[in-house]
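Colleague: Handing you a structure now.
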Amino acid sequence: MRWAVVLVERATEHAGHWQDALTRLAQAAVAEGHQVVVVTLNGIPAHVHRELQGHGVHMATNSEGAGGRLLFTLARSVFWTARTARRLLPHRRLPHQFTLIARCLVEAASLRTARHLLGRVPEISVILTAGEALHGLTRRLSGTSHLRVVHEVNTTEDRLVRGLGLLAPPRQVTVICPTRSVEEEIRDRFPGLSTAVHPFALADPSERITSAERPLARRALALPETGPVLCLVGGWWPHKDMDTMAAALESLTDPLHVIVAGSPTHPALLERIARAPGVTLHTLPGPLTPADIRRVYAAGSFTAVIRHPGVGKESGLVADCARFGVPLLLSDHDTELTRRVSPWATVVPAQDPAALAQAIDQAVHHPPPPPPPTAAEDLGLSTPARMLTLLHTLTTQEP
């Protein structure tokens with residue numbers, strides 16, 4: 001059967017794993033003969049746009065139809081209100097409430113746009129980076145049942161947003177949570193919401209980095225052909241404990257090349273790392289393409305994912321290690337994640353610079369083995385085709 005598949009992505013202002021998931025899901029749907037519409041009303045990088053169009057995906061970067069245009073105009077007005085409120089009311093909750101409302105309006109405008117372009121209700125509609133509130137209101141305003149991937153809960157609802165949520169209970173909506181921890185947070189706030197747990201990251205057995213890629217990657221990044229290289233990939237978001245990483249690098253006993261790839265970063269911490277004895281720092285600012293990220297991993301000897309205790313959201317970087325076969329040092333910030341990766345990752349205590357420095361020194365002298373070919377399966381990662389089947393199953397099943 002030929003489906004109409006709608007993929008909505010609003011979080012395009014930052015580079016990240018959304019690019020990989022969006023393009024690969026769209027390509028898998030096209031390969032199966034489905035009609036695919038990708039809606040990115042907040043824009044999309046030119047290289048991603050070209051790649052998707054090259055695979056026969058219909059791209060929508062502007063709102064379409066009277067309903068879609070009206071909702072997107074309202075969304076921009078509410079975003080402007082949120083930005084103004086942040087300037088006038090620093091550290092207050094009200095700006096965040098406006099942001100939740102604006103995200104809901106963008107989501108509804110995106111789904112309306114897709115329906116206008118298709119001329120009918122699609123078989124599968126997925127918001128790949130959805131807001132953590134106003135699920136039912138998005139459904140009501142868009143007139144479209146859909147799946148929502150909620151990656152994390154950034155803020156809770158105050159009286160204004162809770163009141164809006166009561167106007168439209170979340171029927172005909174299913175929230176996909178990448179981890180059990182995120183699902184627990186969502187269900188605490190929305191007990192009647194239909195949820196499912198499944199990793200967002202995708203994997204394919206053919207993705208593993210080969211030994212032949214390392215010398216090419218190191219030459220491309222101006223790194224020495226031999227010697228240990230630690231790669232730190234991705235933006236330094238608040239859930240990452242880069243203070244502990246910087247302190248550990250200051251305590252190393254052996255020379256080490258460190259490549260920091262992505263943005264945003266903290267200039268003061270970068271200066272600390274650059275001044276650390278024995279550390280030779282290389283930086284590759286973002287935004288990065290998937291090919292850039294693969295090159296960094298190929299050039300590195302190992303990588304590290306160090307987070308604050310209690311962070312339970314999915315780590316795309318850990319998924320990268322499983323997909324590409326990259327040796328990993330991981331903080332024990334999440335008990336469930338530690339349990340899954342401990343057979344093949346080096347786990348260190350969170351917020352312990354001395355233990356992390358010791359683990360890095362050990363990795364310099366004795367390079368840790370790469371994850372086994374079963375690592376992606378250990379994390380529950382799906383191929384794009386299997387994920388597409390899951391999305392169809394969740395769409396058609398009773399909540």
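Residue names in the structure tokens use chain letters A, B, ... in the order shown, residue numbers from 1 in each chain, and ligand numbers from 1 in the order shown.
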Any chance you could tabulate, as a Markdown table, the residues of range 258-318 of chain A at most 10 Å from range 16-32 of chain A with each one's nearest atom pair and distance in Å to one decimal, using only C-alpha atoms, in chain and rising number order?
Modeller:
```
| residue | atom | partner | partner_atom | distance |
| --- | --- | --- | --- | --- |
| A:Gly262 | CA | A:Gly16 | CA | 9.0 |
| A:Ser263 | CA | A:Gly16 | CA | 9.7 |
| A:Gly286 | CA | A:Gly16 | CA | 9.6 |
| A:Pro287 | CA | A:Gly16 | CA | 8.2 |
| A:Leu288 | CA | A:Gly16 | CA | 7.8 |
| A:Thr289 | CA | A:Gln19 | CA | 8.3 |
| A:Pro290 | CA | A:Asp20 | CA | 6.8 |
| A:Ile293 | CA | A:Gly16 | CA | 9.8 |
| A:Ser315 | CA | A:His17 | CA | 9.9 |
| A:Gly316 | CA | A:His17 | CA | 6.6 |
| A:Leu317 | CA | A:His17 | CA | 8.8 |
```
Colleague: As a PyMOL selection string, please: every residue in range 23-220 of chain A that a backbone DSSP assignment puts in helix (DSSP H, G or I).
Modeller: chain A and resi 23-31+46-54+65-88+94-118+135-142+159-166+180-189+205-207+213-220
Colleague: How would you write, as JSON, numbers by chain, the set of residues in range 161-340 of chain A that DSSP gives as strand (DSSP E)?
Modeller: {"A": [173, 174, 175, 176, 177, 194, 195, 196, 197, 229, 230, 231, 232, 233, 256, 257, 258, 259, 260, 261, 279, 280, 281, 282, 283, 284, 302, 303, 304, 305, 328, 329, 330, 331]}
Colleague: For Trp3 in chain A, list every protein, DNA or RNA residue within 10 Å, evaluated using only C-alpha atoms, and leave out those in the same chain fewer than 3 positions away; present the list as a PyMOL selection string.
Modeller: chain A and resi 6+29-30+32-36+122-124+392
Colleague: Selected residues, N, CA and C atoms, written as a PDB file, in the first residue's frame, please.
Modeller:
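What follows is the written file out.pdb:
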```pdb
ATOM      1  N   VAL A   6       4.137  12.237   6.356  1.00  0.00           N
ATOM      2  CA  VAL A   6       4.488  13.632   6.668  1.00  0.00           C
ATOM      3  C   VAL A   6       5.480  13.634   7.819  1.00  0.00           C
ATOM      4  N   ALA A  29      11.173   5.977   3.312  1.00  0.00           N
ATOM      5  CA  ALA A  29       9.782   6.022   2.870  1.00  0.00           C
ATOM      6  C   ALA A  29       9.693   6.117   1.353  1.00  0.00           C
ATOM      7  N   VAL A  30      10.558   6.934   0.748  1.00  0.00           N
ATOM      8  CA  VAL A  30      10.569   7.037  -0.713  1.00  0.00           C
ATOM      9  C   VAL A  30      10.952   5.698  -1.342  1.00  0.00           C
ATOM     10  N   GLU A  32      10.370   2.820  -0.322  1.00  0.00           N
ATOM     11  CA  GLU A  32       9.245   1.883  -0.251  1.00  0.00           C
ATOM     12  C   GLU A  32       8.068   2.322  -1.121  1.00  0.00           C
ATOM     13  N   GLY A  33       8.232   3.436  -1.842  1.00  0.00           N
ATOM     14  CA  GLY A  33       7.192   3.867  -2.767  1.00  0.00           C
ATOM     15  C   GLY A  33       6.147   4.781  -2.181  1.00  0.00           C
ATOM     16  N   HIS A  34       6.389   5.331  -1.004  1.00  0.00           N
ATOM     17  CA  HIS A  34       5.414   6.204  -0.378  1.00  0.00           C
ATOM     18  C   HIS A  34       5.594   7.649  -0.828  1.00  0.00           C
ATOM     19  N   GLN A  35       4.530   8.425  -0.715  1.00  0.00           N
ATOM     20  CA  GLN A  35       4.579   9.860  -0.980  1.00  0.00           C
ATOM     21  C   GLN A  35       5.049  10.561   0.292  1.00  0.00           C
ATOM     22  N   VAL A  36       6.106  11.356   0.211  1.00  0.00           N
ATOM     23  CA  VAL A  36       6.727  11.926   1.400  1.00  0.00           C
ATOM     24  C   VAL A  36       6.712  13.447   1.325  1.00  0.00           C
ATOM     25  N   PRO A 122      -2.940  12.547   5.777  1.00  0.00           N
ATOM     26  CA  PRO A 122      -1.887  11.546   5.518  1.00  0.00           C
ATOM     27  C   PRO A 122      -2.045  10.319   6.401  1.00  0.00           C
ATOM     28  N   GLU A 123      -1.510   9.193   5.922  1.00  0.00           N
ATOM     29  CA  GLU A 123      -1.548   7.960   6.724  1.00  0.00           C
ATOM     30  C   GLU A 123      -0.617   8.049   7.929  1.00  0.00           C
ATOM     31  N   ILE A 124       0.529   8.699   7.784  1.00  0.00           N
ATOM     32  CA  ILE A 124       1.493   8.836   8.883  1.00  0.00           C
ATOM     33  C   ILE A 124       1.902  10.300   8.983  1.00  0.00           C
ATOM     34  N   HIS A 392       4.119   3.421  11.526  1.00  0.00           N
ATOM     35  CA  HIS A 392       2.820   3.030  10.970  1.00  0.00           C
ATOM     36  C   HIS A 392       2.016   2.233  11.991  1.00  0.00           C
TER      37      HIS A 392
END
```
Colleague: Between A:Leu167, A:Leu71, A:Ala350, A:Leu117, which residue has the minimum interatomic distance to Leu134 in chain A, considering only C-alpha atoms?
Modeller: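 Nearest to Leu134 in chain A: A:Leu167.
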Colleague: Which neighbours of Val341 in chain A fall inside 9 Å, counting only C-alpha atoms, when residues of the same chain fewer than 6 positions from it are skipped, and could you give them as a compact mmCIF listing (two decimals) with all heavy atoms, in the first residue's frame?
Modeller:
```
# COMPACT_ATOMS: atom_id res chain seq x y z
N VAL A 318 26.09 8.62 22.20
CA VAL A 318 26.25 7.21 22.54
C VAL A 318 25.74 6.34 21.39
O VAL A 318 26.35 5.32 21.04
CB VAL A 318 25.52 6.88 23.86
CG1 VAL A 318 25.52 5.38 24.12
CG2 VAL A 318 26.16 7.62 25.02
N LEU A 330 32.12 6.87 29.26
CA LEU A 330 30.79 7.36 29.59
C LEU A 330 30.64 7.57 31.09
O LEU A 330 31.03 6.70 31.88
CB LEU A 330 29.73 6.35 29.12
CG LEU A 330 28.27 6.68 29.44
CD1 LEU A 330 27.77 7.85 28.61
CD2 LEU A 330 27.38 5.45 29.25
N VAL A 347 32.92 2.93 31.79
CA VAL A 347 32.02 3.78 32.59
C VAL A 347 32.80 4.36 33.76
O VAL A 347 33.51 3.63 34.47
CB VAL A 347 30.80 2.98 33.09
CG1 VAL A 347 29.88 3.87 33.92
CG2 VAL A 347 30.03 2.39 31.89
N PRO A 371 33.02 -0.83 20.21
CA PRO A 371 31.80 -1.58 20.52
C PRO A 371 31.62 -2.75 19.56
O PRO A 371 32.03 -2.66 18.39
CB PRO A 371 30.69 -0.54 20.34
CG PRO A 371 31.38 0.79 20.44
CD PRO A 371 32.76 0.58 19.91
N ALA A 375 26.23 -3.68 19.30
CA ALA A 375 26.03 -2.55 20.20
C ALA A 375 24.76 -1.76 19.88
O ALA A 375 24.03 -1.35 20.79
CB ALA A 375 27.24 -1.62 20.14
N ASP A 378 21.95 -3.56 21.25
CA ASP A 378 21.90 -3.42 22.71
C ASP A 378 21.14 -2.16 23.12
O ASP A 378 20.46 -2.14 24.15
CB ASP A 378 23.32 -3.35 23.29
CG ASP A 378 24.09 -4.64 23.09
OD1 ASP A 378 23.45 -5.68 22.84
OD2 ASP A 378 25.34 -4.60 23.18
N LEU A 379 21.27 -1.10 22.33
CA LEU A 379 20.58 0.16 22.63
C LEU A 379 19.16 0.20 22.07
O LEU A 379 18.44 1.18 22.30
CB LEU A 379 21.38 1.33 22.06
CG LEU A 379 22.70 1.66 22.76
CD1 LEU A 379 23.42 2.77 22.01
CD2 LEU A 379 22.46 2.06 24.20
```
